[in-house]
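What follows is a set of notes on a single structure, which appears directly below.
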Amino acid sequence: MTELLSFEKSRPGASAARLPDADVTAPEPSQVLSPGLLRTKAPALPRLSEPEIMRHYGRLASMNYSISKQFYPLGSCTMKYNPVVNEIAAGLPGFASLHPYQEEDSVQGALELMWRLEGALCAVVGVERVTLQPAAGAHGEWTALRMIQAYHHSRGDARTEVLVPDSAHGTNPASAALNGFHVVEVKSGPDGRISLADLESKLSPRVAALMLTNPNTLGLFERDILDIAEMVHATGAMLYYDGANLNAFMGICRPGDMGFDAVHMNLHKTFTTPHGGGGPGAGPVGVKADLIPFLPTPTVERTNGHLTLDFKRPKSIGRVRSFYGNFGMLVRAYAYIVAMGGDGLMQASRDAVLSANYLRKQVEDDLDMPHEGPCMHEFVASAQNLAQHGVRALDVAKALLERDFYAPTVYFPLVVPEAIMVEPTETENKATLDAFAAAIKEIVAQAKTNPQALHDAPRNLPVGRLDEVAAARRINAYLQGQSEDPVLRWKPAEK
Amino acid sequence: MTELLSFEKSRPGASAARLPDADVTAPEPSQVLSPGLLRTKAPALPRLSEPEIMRHYGRLASMNYSISKQFYPLGSCTMKYNPVVNEIAAGLPGFASLHPYQEEDSVQGALELMWRLEGALCAVVGVERVTLQPAAGAHGEWTALRMIQAYHHSRGDARTEVLVPDSAHGTNPASAALNGFHVVEVKSGPDGRISLADLESKLSPRVAALMLTNPNTLGLFERDILDIAEMVHATGAMLYYDGANLNAFMGICRPGDMGFDAVHMNLHKTFTTPHGGGGPGAGPVGVKADLIPFLPTPTVERTNGHLTLDFKRPKSIGRVRSFYGNFGMLVRAYAYIVAMGGDGLMQASRDAVLSANYLRKQVEDDLDMPHEGPCMHEFVASAQNLAQHGVRALDVAKALLERDFYAPTVYFPLVVPEAIMVEPTETENKATLDAFAAAIKEIVAQAKTNPQALHDAPRNLPVGRLDEVAAARRINAYLQGQSEDPVLRWKPAEK
Amino acid sequence: MLASIGVQSMDDLLLDIPHSLRIKALELPVGLSEYETMSQISSLAARNRVFPDRLTFRGGGVYRRFIPAAVAAVTSKPEFYTAYTPYQPEASQGTLQAIFEFQTLIAELTALDVANASLYDGATAVAEAAMMAHIHTGRNEVVVSGYLHPEYVEVLRAFSDGRGIKVRKGTEPGPKTAAVIFQQPDFLGLLVDANTLTESAHAAGALAIACVDPISLAILAPPGEYGADIAVGEGQQLGLSPSYGGPHVGFISCRRELVRRLPGRLVGSAYDSQGRRGFVLALAAREQHIRREKATSNICTNHSLCALAASVYVSYMGPDGLRQVAEVSFKRAHALSERLAALPGWELAFPDRQFLNEFPMRVSKPAVLRKLARKGILGPLDVHRWFRELKGVFTFTCTEVNDPHALDELVTALQS
Amino acid sequence: MLASIGVQSMDDLLLDIPHSLRIKALELPVGLSEYETMSQISSLAARNRVFPDRLTFRGGGVYRRFIPAAVAAVTSKPEFYTAYTPYQPEASQGTLQAIFEFQTLIAELTALDVANASLYDGATAVAEAAMMAHIHTGRNEVVVSGYLHPEYVEVLRAFSDGRGIKVRKGTEPGPKTAAVIFQQPDFLGLLVDANTLTESAHAAGALAIACVDPISLAILAPPGEYGADIAVGEGQQLGLSPSYGGPHVGFISCRRELVRRLPGRLVGSAYDSQGRRGFVLALAAREQHIRREKATSNICTNHSLCALAASVYVSYMGPDGLRQVAEVSFKRAHALSERLAALPGWELAFPDRQFLNEFPMRVSKPAVLRKLARKGILGPLDVHRWFRELKGVFTFTCTEVNDPHALDELVTALQS
Ligand SMILES: Cc1ncc(COP(=O)(O)O)c(C=O)c1O
Ligand SMILES: Cc1ncc(COP(=O)(O)O)c(C=O)c1O
């Protein structure tokens, strides 16, 4: 069951929109505007009735897996349940209808919410201030590195390198590069932790920062974190925390206490703002005292219960996006924190770690486990043991889809071959974890008896495996001018 | 893919609810109430977390066909698109949060809406007043007959019979019987219309009313309606209109003008309030002058722009439900009428008639057409031509489900054997009608080549055909005390 | 499309309609854009006064309660709210299973054997139960005991009038009595002696029909425990907003012996040829579309979506949450009743009767109540409107939404 | 579960964490029930002032427009909003197809070849486009022409500072110029000469980057028509609520030659072995998860759900509806501008410049504007805050939600 594009369903004369008339005496645009300013060819937008539109998107929706229906064991993604009340909160007219340029005295509630959220995030990660402006994790990373850059710069210290572990998420090196840093990779040791020796060898006065996540992307806690912090700080570099893995330790320990100078947080992971099929999220950044002067403007300030936006911050790196961040996401995260409380957040992390270790145990005889446990909130297995049957991690992923589970993250982190990265989160109950483990067992058994069935998976979804190589070839042809099919969009038939 | 019951998913200790404490000094119920008043055994309700609940209902939802995703050609049901804006309107706190016993001056907007809706419905069907109290069509029928009964009674005229055509909806005779009337059936002629001769023979001073729908349930307009009205009125009986088929003639003609004395309307059909999987709907009843004194209390009255509820109506039949009807549904219907306007409603009816005739044409070679066209907003075909291949209307219905269409109404009206009753409504575009016709053609072809495939349909839904006969047997066994499985509910395992 | 039908114009399709009946247009304004429609409707909504939940102390059959956000998140799924009655089970398992779960939870709450798929409201549920008793016993009178909701009584009368059944107020059933009907807690919030009422009904060969508050059943003995034959009630408190009185949902459950007399839809479990469990409409031979004038009731469309809301609500609460809701309401009401009774000129109207979370006060100077609205408070219900003997009596309701500060505000407002 | 893992207690799972780092509890209040949570949050919301749509005349990058109810009905579907980035295409066709449609409509609106899956907002879209130009041309300077939104400029600077790119205000590109960036209409609402700007950029070997208002493109020549290389913009007006500034959605489209430089996700069509068409993430070799430090951008999570809202909005409007929206806004603004210019002490700030639906007025006694809030009006934007030369200049915005009576109310309030 595939669905035509809205553009392909378009019917001449159809329209959902019935709009008010202008009802004023005023000229037509064409009477006023210079002809050169006017559009000559109308855009080929779909013409559909409201029922057609609603059915179109209703049917598209049913072609998606989502955390609302399926277990999403996606490692490094923290797909946990998104409470309904978050959505209600963000939709309150008192938030959703606010214009960003309203006078401050008319938005005290919004500013208070941001202030309180900042405070709560400070408490969770152990920092002194937080900027809520970045729109996503990568944006937060870049913001933090930009502050670190400005910090060194302000001290006349032009550092040009950023160290990134080989297991790091791709956004880490990309964010560093976007700030013009040279990225130097630090190796993991055989225990899945950063190699202190390798780190030692790469540290130098050129290094502006080391980017780490802890637990790291293998789900393992960097036991030597205090030593690492000392080594890094000794060279004058800063320690940066990629907070995508926050769900492991709320109420258990704090990056600030570990020696991290800056921390970004993905509210769309740990703090249950929904992923939206790829955003919007929010990536606040918390900092210790040294970096506070460099925070983006404006910051929210509170004096005698009155809230203001502070735009006068001479050392600030400036703005990283328009207005004050993804405010609607901030409301959701705040609602979650209020509902959970300190006790609830701690319980969530403990449950997440328990789930991951339980599930790891259930499948440890079925897949390779490249590193020893216990793990924190996620674990990385490997499908290399299935290679002898011609079965790859990708086949395991697709076979899981066929069994009504979303797939784990595969082929990441890069340091584990045929990686299968599983993060169950506290959302999933034991029955679901058991069912998932049973599916893995069934798939591993099938790898031996009928690998073809796995290569053919999934067979019960709207489409089977799509030929991405052929698609790439078609795109190439277009980009090289050998074809007029852009592949990356629909095009009206006639020109 | 079937789903465990919420009761079967229950886990000890799980709970979605976190509730405030009482926070007052007061005794426990058990300290105050006599022991005989207290419950001894807790009800076996499910214990689930919020994510489990949301996933449960999310998965159940995906097991439903609905007008939001599928074409619902259900005859006599007017499955048309339910505009989103209706839902928004009904959800406004200014409506959804009103207590029914608020003082009148604090609910002027609600009363005004009811007043305006009443006026609009009067305009559409051509009557003088409308009660908005009945909760559904059947409830409206019963309300109207109760008024007719009271009317005759008030004239000292104890009439005991109600005439109902053989093609009538089951609620018609049932509503009459509920008022203690004796139901007498009137036959249809070969042209699908009521037989005037038969009607003549059944009319007598015992007859309180004739219940009709026009177009009738065969989708045909009763051409002799003016004669019928004259005959009925001549005997002192009243003419009652079952308004389920209102979608055929808005802005084209009006039951009031045809001579009907009372009319019920299904707002959940013609006026786009959603069906909700079987309600709630709303079944207002419109009446001519003679019946006004008998309307249920309260009525909404308007004097100098001020609205009141009139409870002092000495001849009223009293109340037919608590409060003022399904108010939330009235808001939705009103929103629809405002958005459509007189012009839009007329267009809707014209489009509905056009769709039905177009679709009838497309399939007239494939199925038997027991009556000549044109039809109004729906038509009744028959699958008798497939009987020779052992294929029944039910098989056609199930084969349509397999093809992602809901099924037409089958085996109704009872006067047509193997009836297939199709009502496309103005919602459906030509592409959908064509696809449906193509599916019918395919099914009819398959009836000849591979009837077994039709008997096996549907094969791609959560369940195949369910054995209702076996279920009835199990229920019987339970009701006769031969089994302890109630079949009609889940029962906790242990006693 | 006209061409393919083989006609020239739309009018050719309307030839069966006598010319004298054709109208040119509807006497209604022209249609509006969505924006204008919403503006017009919002301005009507703005002409209503919304009292905050926490300051609403009025009940009388419709109550403010905390409604989890989950409820609307489920009922607003188009797959539920835009589906039809589940005539085709294979394509309607979502609705069917949800109804089956609703039937189960009503049966569990009332401790009776079987419940139906829903009725319109509490009032028609009482009337339908009376009709069941009438058919079952062949008797022509129902006895209404005590303070049954006055609107329920009116509806019962309207149903009974049509059917020629006598409605009598009293407590003594006689040989013609089909059923004794009582409400627990009653319209004033007071608890009645359900045991005795049930026994006396049975002693007279009549059925006992209990009209119950579903939330109260987390604390109170359910009808099944004291032997009632039929339980009915209004389910608004299970996750439905007041909505000026509807749509809400009626429920009905009964003993096994009476199941064939139940009105409306029933869903049962069934299996397909592969042994998969599914759900179907069951015992349809009671219903109008099969039995026509011999049906147990005329009901067709019922209140399915409201029943779904109730199911989500009850699943959210679970047994402990429901009990907590009932207990918090109980305690707040008892705390308030003491404070009100301490006000000069105020007293409990029935000081020796027990109650849960709604209770009648006798007020010597009711004028003070008129000031409440100005303070944003929706005060108690004046029940004198329905009962002559209750002059100066007002019923107050407390639920989990009336926080202790709200009680303070109320008491302060009454003192000032 | 602990037993099956083979440990005694939770602490056994946390042994890797140095003891000195363990904390006992978070310094946060304890959790609240849903009811209390919503009460607390509602009371924060109540401390904000909501101006009615129709009386909002403030724009400056965020606009009140009519949002069809269909938009939220789609974006609130959990299948959309609770899905992850569509890494597994077979289980994510809904999201993928929706993005593919979004890419198409942005490409159509801007009349350029290819658009991406979305960016965070208009400001970062400008910055990303500048980075593209920098990489493509190998040049280290971007020229910002005219009144580009001041916050966009700030973001552009932050991005450029990190990368060592110079941001220069002006109109004359030089040999080091990677791109000329202009906004059409500009921040003040004025129309610029996009043709000339584009030509001069090209003449200098630089790219032309047009930052455009998507609704304006129903009337105005799109970037593709005047030869711009990259179009970017803010999509808030396409069905997203103001929400105190976010989340909204940035968009970017470009000529075929630049597609490999595009930041962020791209969805393309592909086929399965049965020949069924589906959609997949395409050209991933530009992205961070494959290319790491060599990626065209660091963006990962983008604004997919907002892009979906925009798609629903545009489908609802269709080409005619979008044009109607633009025209009604245009006419209302022109009617208002005349009435304002007729007020004593008021004049158009740039009388010989053309505009669509936002326009700058010069006001001799701005104190009058302070009274507007008291009348429930959200008045114009004081742009002096950003531009020293614009003392006494305020921009007014009109859209289809500012009905003629609203214009009357505004003018009356200013006269009084
Ligand atoms: C470890 C890690 N870091 C950073 C990111 C980037 O976050 P975002 O996608 O919000 O930009 C992710 C997201 O997948 C992640 O898993
Ligand atoms: C012709 C006809 N009359 C009456 C009814 C009864 O309406 P309701 O189901 O709302 O009680 C229906 C509904 O199916 C119908 O089709």
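Naming scheme: A, B, ... for chains in displayed order of the structure tokens; residues 1 onward per chain; ligands 1 onward as shown.
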Using only C-alpha atoms and all ligand atoms, which residues of chain D come within 12 Å of ligand 1, and what is the closest atom pair for each, with the distance in Å to one decimal? Give it as a Markdown table, sorted by chain and residue number.
```
| residue | atom | partner | partner_atom_place_in_ligand_line | distance |
| --- | --- | --- | --- | --- |
| D:Tyr84 | CA | ligand 1 | 14 (O) | 9.8 |
| D:Thr85 | CA | ligand 1 | 9 (O) | 8.9 |
| D:Tyr87 | CA | ligand 1 | 14 (O) | 11.1 |
| D:Leu119 | CA | ligand 1 | 11 (O) | 11.1 |
| D:Tyr120 | CA | ligand 1 | 11 (O) | 10.3 |
| D:Gly264 | CA | ligand 1 | 11 (O) | 10.4 |
| D:Arg265 | CA | ligand 1 | 9 (O) | 11.5 |
| D:Glu287 | CA | ligand 1 | 11 (O) | 11.8 |
| D:Gln288 | CA | ligand 1 | 6 (C) | 9.7 |
| D:His289 | CA | ligand 1 | 14 (O) | 9.2 |
| D:Arg292 | CA | ligand 1 | 4 (C) | 11.8 |
| D:Ser297 | CA | ligand 1 | 11 (O) | 10.9 |
| D:Asn298 | CA | ligand 1 | 11 (O) | 7.7 |
| D:Ile299 | CA | ligand 1 | 11 (O) | 5.8 |
| D:Cys300 | CA | ligand 1 | 9 (O) | 4.3 |
| D:Thr301 | CA | ligand 1 | 9 (O) | 3.7 |
| D:Asn302 | CA | ligand 1 | 9 (O) | 7.3 |
| D:His303 | CA | ligand 1 | 10 (O) | 10.1 |
| D:Ser304 | CA | ligand 1 | 9 (O) | 11.6 |
```
Report task. Enumerate residues in contact with ligand 2: an atom-to-atom distance of at most 7 Å, counting only C-alpha atoms and all ligand atoms. Format the result as a list in words. Result -> Ser76, Cys77, Ala136, Gly137, Ala138, His139, Ala168, His169, Thr171, Asn172, Thr213, Thr217, Asp242, Gly243, Ala244, Asn245, Asn266, Gly281, Ala282 and Gly283 of chain B; Ile299, Cys300 and Thr301 of chain C
Query - Distance query Glu118 (chain B) at most 8 Å, only C-alpha atoms, self and fewer than 2 positions along chain excluded, as an MDAnalysis selection string - result: chainID B and resid 114:116 120:122 129:132
Requested in this report: In Å, rounded to a single decimal, give me how far CA of Pro370 (chain B) is from CA of Ala407 (chain B).
Outcome: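 About the pair CA of Ala407 (chain B) and CA of Pro370 (chain B): they are 19.4 Å apart.
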Which residues of region 63-139 of chain D have any atom within 9 Å of an atom in region 21-40 of chain C when counting only C-alpha atoms, and what is the closest pair of atoms for each, with the distance in Å to one decimal? Order the rows by chain and rising number and write it as a Markdown table.
```
| residue | atom | partner | partner_atom | distance |
| --- | --- | --- | --- | --- |
| D:Phe66 | CA | C:Tyr35 | CA | 6.4 |
| D:Ile67 | CA | C:Tyr35 | CA | 8.2 |
| D:Pro68 | CA | C:Glu34 | CA | 7.2 |
| D:Ala69 | CA | C:Glu34 | CA | 8.4 |
```
For the interface of chain B with chain A (cut-off 10 Å, counting only C-alpha atoms), please tabulate each contacting residue of chain B alongside its nearest pair of atoms and their separation in Å to one decimal, rows sorted by chain and increasing number, as CSV.
```
residue,atom,partner,partner_atom,distance
B:Met1,CA,A:Asp404,CA,9.6
B:Lys9,CA,A:Ala431,CA,9.1
B:Arg11,CA,A:Asn429,CA,9.4
B:Ala14,CA,A:Asn429,CA,9.8
B:Arg18,CA,A:Ala339,CA,9.3
B:Ser49,CA,A:Thr427,CA,9.0
B:Glu50,CA,A:Pro83,CA,7.8
B:Pro51,CA,A:Tyr81,CA,6.0
B:Glu52,CA,A:Asn429,CA,8.4
B:Ile53,CA,A:Ser68,CA,9.8
B:Met54,CA,A:Ser68,CA,6.7
B:Arg55,CA,A:Lys69,CA,5.0
B:His56,CA,A:Lys69,CA,7.8
B:Tyr57,CA,A:Lys69,CA,8.9
B:Gly58,CA,A:Lys69,CA,6.1
B:Arg59,CA,A:Lys69,CA,6.1
B:Leu60,CA,A:Lys69,CA,9.8
B:Ser62,CA,A:Ser62,CA,7.5
B:Ser66,CA,A:Arg55,CA,9.8
B:Ile67,CA,A:Arg55,CA,8.1
B:Ser68,CA,A:Arg55,CA,5.3
B:Lys69,CA,A:Arg55,CA,5.0
B:Gln70,CA,A:Arg55,CA,7.7
B:Phe71,CA,A:Arg55,CA,9.7
B:Lys80,CA,A:Pro51,CA,9.0
B:Tyr81,CA,A:Pro51,CA,6.0
B:Asn82,CA,A:Pro51,CA,8.1
B:Pro83,CA,A:Pro51,CA,7.8
B:Val84,CA,A:Met54,CA,9.0
B:Ala339,CA,A:Arg18,CA,9.2
B:Asp404,CA,A:Met1,CA,9.5
B:Thr427,CA,A:Pro51,CA,6.9
B:Glu428,CA,A:Pro51,CA,8.4
B:Asn429,CA,A:Glu52,CA,8.4
B:Lys430,CA,A:Arg11,CA,9.9
B:Ala431,CA,A:Lys9,CA,9.0
```
Taking N, CA, C and O atoms for each residue, export the selection above as a compact mmCIF listing (two decimals), in the first residue's frame.
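Okay, selection01.txt is ready:
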```
# COMPACT_ATOMS: atom_id res chain seq x y z
N MET B 1 -2.65 -9.54 13.41
CA MET B 1 -2.28 -8.71 14.55
C MET B 1 -3.49 -8.44 15.42
O MET B 1 -4.30 -7.57 15.14
N LYS B 9 -3.47 -6.99 29.91
CA LYS B 9 -2.14 -6.37 29.97
C LYS B 9 -1.82 -5.85 31.37
O LYS B 9 -0.70 -5.41 31.62
N ARG B 11 -0.69 -5.01 34.99
CA ARG B 11 0.49 -5.45 35.75
C ARG B 11 0.31 -4.99 37.19
O ARG B 11 0.04 -3.81 37.43
N ALA B 14 1.45 -1.30 38.50
CA ALA B 14 1.49 -0.24 37.49
C ALA B 14 0.35 0.73 37.70
O ALA B 14 -0.72 0.35 38.16
N ARG B 18 -1.31 9.69 39.12
CA ARG B 18 -0.67 10.26 40.28
C ARG B 18 -1.65 11.37 40.65
O ARG B 18 -1.94 12.24 39.82
N SER B 49 0.48 1.70 32.97
CA SER B 49 1.13 3.00 32.94
C SER B 49 0.55 3.83 31.79
O SER B 49 -0.09 3.27 30.88
N GLU B 50 0.77 5.13 31.82
CA GLU B 50 0.25 5.96 30.73
C GLU B 50 0.78 5.54 29.36
O GLU B 50 -0.01 5.43 28.41
N PRO B 51 2.08 5.27 29.21
CA PRO B 51 2.53 4.80 27.88
C PRO B 51 1.83 3.52 27.45
O PRO B 51 1.49 3.35 26.28
N GLU B 52 1.60 2.63 28.38
CA GLU B 52 0.91 1.38 28.01
C GLU B 52 -0.51 1.67 27.55
O GLU B 52 -1.00 1.08 26.58
N ILE B 53 -1.17 2.60 28.23
CA ILE B 53 -2.55 2.95 27.85
C ILE B 53 -2.57 3.57 26.47
O ILE B 53 -3.36 3.20 25.60
N MET B 54 -1.67 4.52 26.26
CA MET B 54 -1.67 5.21 24.97
C MET B 54 -1.33 4.25 23.84
O MET B 54 -1.89 4.33 22.75
N ARG B 55 -0.42 3.35 24.09
CA ARG B 55 -0.06 2.40 23.04
C ARG B 55 -1.22 1.43 22.78
O ARG B 55 -1.51 1.08 21.64
N HIS B 56 -1.87 1.04 23.85
CA HIS B 56 -3.01 0.14 23.71
C HIS B 56 -4.06 0.76 22.78
O HIS B 56 -4.46 0.15 21.78
N TYR B 57 -4.48 1.96 23.10
CA TYR B 57 -5.54 2.57 22.29
C TYR B 57 -5.02 3.01 20.92
O TYR B 57 -5.77 3.01 19.95
N GLY B 58 -3.76 3.36 20.86
CA GLY B 58 -3.17 3.68 19.55
C GLY B 58 -3.24 2.47 18.63
O GLY B 58 -3.58 2.58 17.45
N ARG B 59 -2.95 1.33 19.17
CA ARG B 59 -2.97 0.11 18.34
C ARG B 59 -4.41 -0.30 18.02
O ARG B 59 -4.70 -0.72 16.90
N LEU B 60 -5.31 -0.13 18.98
CA LEU B 60 -6.72 -0.42 18.67
C LEU B 60 -7.19 0.50 17.55
O LEU B 60 -7.87 0.06 16.61
N SER B 62 -5.63 1.72 15.15
CA SER B 62 -5.14 1.32 13.82
C SER B 62 -5.84 0.07 13.32
O SER B 62 -5.64 -0.33 12.18
N SER B 66 -12.11 3.97 9.00
CA SER B 66 -12.85 5.17 9.39
C SER B 66 -12.93 6.09 8.19
O SER B 66 -12.13 5.98 7.27
N ILE B 67 -13.87 7.00 8.24
CA ILE B 67 -14.04 7.92 7.11
C ILE B 67 -12.80 8.79 6.93
O ILE B 67 -12.53 9.31 5.86
N SER B 68 -12.01 8.89 7.99
CA SER B 68 -10.78 9.68 7.87
C SER B 68 -9.75 8.97 6.98
O SER B 68 -8.80 9.59 6.55
N LYS B 69 -9.93 7.69 6.74
CA LYS B 69 -8.96 6.99 5.88
C LYS B 69 -9.61 6.27 4.70
O LYS B 69 -9.00 6.16 3.66
N GLN B 70 -10.83 5.76 4.92
CA GLN B 70 -11.43 4.96 3.86
C GLN B 70 -12.75 5.56 3.36
O GLN B 70 -13.43 6.27 4.10
N PHE B 71 -13.07 5.19 2.14
CA PHE B 71 -14.40 5.45 1.60
C PHE B 71 -15.38 4.52 2.32
O PHE B 71 -15.14 3.32 2.43
N LYS B 80 -20.17 11.13 5.75
CA LYS B 80 -19.45 12.19 5.07
C LYS B 80 -18.36 12.71 5.98
O LYS B 80 -18.33 12.43 7.18
N TYR B 81 -17.48 13.45 5.38
CA TYR B 81 -16.33 14.01 6.08
C TYR B 81 -16.77 14.85 7.28
O TYR B 81 -17.70 15.64 7.19
N ASN B 82 -16.07 14.71 8.38
CA ASN B 82 -16.34 15.49 9.59
C ASN B 82 -15.30 16.60 9.71
O ASN B 82 -14.16 16.33 10.08
N PRO B 83 -15.69 17.84 9.41
CA PRO B 83 -14.68 18.91 9.40
C PRO B 83 -13.99 19.07 10.76
O PRO B 83 -14.63 19.00 11.81
N VAL B 84 -12.70 19.27 10.71
CA VAL B 84 -11.91 19.42 11.93
C VAL B 84 -12.41 20.60 12.76
O VAL B 84 -12.42 20.56 13.99
N ALA B 339 -20.50 27.39 8.34
CA ALA B 339 -19.44 27.34 7.33
C ALA B 339 -20.02 27.09 5.94
O ALA B 339 -19.57 27.67 4.96
N ASP B 404 -9.52 -2.35 0.88
CA ASP B 404 -9.32 -1.06 1.53
C ASP B 404 -10.52 -0.12 1.41
O ASP B 404 -10.39 1.08 1.61
N THR B 427 -18.69 13.82 -0.23
CA THR B 427 -17.29 13.82 0.20
C THR B 427 -16.37 13.19 -0.83
O THR B 427 -15.22 13.60 -0.99
N GLU B 428 -16.86 12.18 -1.52
CA GLU B 428 -15.95 11.39 -2.35
C GLU B 428 -15.73 12.03 -3.71
O GLU B 428 -16.67 12.51 -4.34
N ASN B 429 -14.49 12.01 -4.14
CA ASN B 429 -14.18 12.55 -5.46
C ASN B 429 -14.31 11.47 -6.52
O ASN B 429 -14.50 10.29 -6.22
N LYS B 430 -14.23 11.88 -7.76
CA LYS B 430 -14.43 10.96 -8.87
C LYS B 430 -13.42 9.82 -8.84
O LYS B 430 -13.75 8.66 -9.11
N ALA B 431 -12.19 10.15 -8.47
CA ALA B 431 -11.15 9.11 -8.46
C ALA B 431 -11.54 7.99 -7.50
O ALA B 431 -11.36 6.80 -7.81
```
Query - At most 8 Å to chain D: residues in chain B, only C-alpha atoms, as a ChimeraX atom specification - result: /B:17-20,84-85,88
Report task. Name all residues at most 6 Å from region 343-348 of chain B (count only C-alpha atoms; drop same-chain ones fewer than 5 positions away) and give them as a ChimeraX atom specification. Result -> /B:250-251,426 /C:30
**Report entry** Contact residues around Ala453 (chain B) with only C-alpha atoms at 10 Å, ignoring same-chain residues under 5 positions, as a list in words
**Finding:**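 The filter keeps Asp395, Ala399, Ile443, Gln446, Ala447, Pro458 and Arg459 of chain B.
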Write the selection just made, keeping N, CA and C atoms, as a PDB file, in the first residue's frame?
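And here is the file that came out, again.pdb:
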```pdb
ATOM      1  N   ASP B 395     -20.225 -11.683   0.805  1.00  0.00           N
ATOM      2  CA  ASP B 395     -18.896 -11.923   0.220  1.00  0.00           C
ATOM      3  C   ASP B 395     -18.391 -10.674  -0.499  1.00  0.00           C
ATOM      4  N   ALA B 399     -15.016  -8.731   0.441  1.00  0.00           N
ATOM      5  CA  ALA B 399     -13.998  -8.534  -0.595  1.00  0.00           C
ATOM      6  C   ALA B 399     -13.660  -7.052  -0.734  1.00  0.00           C
ATOM      7  N   ILE B 443     -14.360  -7.775  -8.314  1.00  0.00           N
ATOM      8  CA  ILE B 443     -14.994  -8.758  -7.437  1.00  0.00           C
ATOM      9  C   ILE B 443     -16.012  -9.593  -8.213  1.00  0.00           C
ATOM     10  N   GLN B 446     -14.222 -11.969 -10.240  1.00  0.00           N
ATOM     11  CA  GLN B 446     -13.676 -13.039  -9.417  1.00  0.00           C
ATOM     12  C   GLN B 446     -14.770 -14.014  -8.968  1.00  0.00           C
ATOM     13  N   ALA B 447     -15.978 -13.502  -8.830  1.00  0.00           N
ATOM     14  CA  ALA B 447     -17.087 -14.383  -8.436  1.00  0.00           C
ATOM     15  C   ALA B 447     -17.214 -15.524  -9.438  1.00  0.00           C
ATOM     16  N   PRO B 458     -12.065 -11.175   4.290  1.00  0.00           N
ATOM     17  CA  PRO B 458     -10.810 -10.463   4.034  1.00  0.00           C
ATOM     18  C   PRO B 458      -9.623 -11.208   4.640  1.00  0.00           C
ATOM     19  N   ARG B 459      -8.507 -11.213   3.924  1.00  0.00           N
ATOM     20  CA  ARG B 459      -7.324 -11.949   4.398  1.00  0.00           C
ATOM     21  C   ARG B 459      -6.243 -11.036   4.920  1.00  0.00           C
TER      22      ARG B 459
END
```
Query - Two-atom distance - CA of Leu354 (chain A), CA of Ser188 (chain A) (Å) - result: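 Calculated distance between CA of Leu354 (chain A) and CA of Ser188 (chain A) is 25.0 Å.
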Once you count only C-alpha atoms, what closest atom pair and distance in Å to one decimal does each residue of region 15-117 of chain C within 9 Å of region 393-409 of chain C have, with rows by chain and rising residue number, as a Markdown table?
```
| residue | atom | partner | partner_atom | distance |
| --- | --- | --- | --- | --- |
| C:Asp53 | CA | C:Val401 | CA | 6.3 |
| C:Arg54 | CA | C:Asn402 | CA | 4.3 |
| C:Leu55 | CA | C:Ala406 | CA | 5.9 |
| C:Thr56 | CA | C:Asn402 | CA | 7.5 |
| C:Phe57 | CA | C:Thr397 | CA | 4.9 |
| C:Arg58 | CA | C:Thr397 | CA | 5.7 |
| C:Gly59 | CA | C:Thr397 | CA | 5.6 |
| C:Gly60 | CA | C:Thr395 | CA | 7.7 |
| C:Tyr63 | CA | C:Thr397 | CA | 8.0 |
| C:Arg64 | CA | C:Val401 | CA | 7.2 |
| C:Arg65 | CA | C:Val401 | CA | 5.9 |
| C:Phe66 | CA | C:Val401 | CA | 6.2 |
```
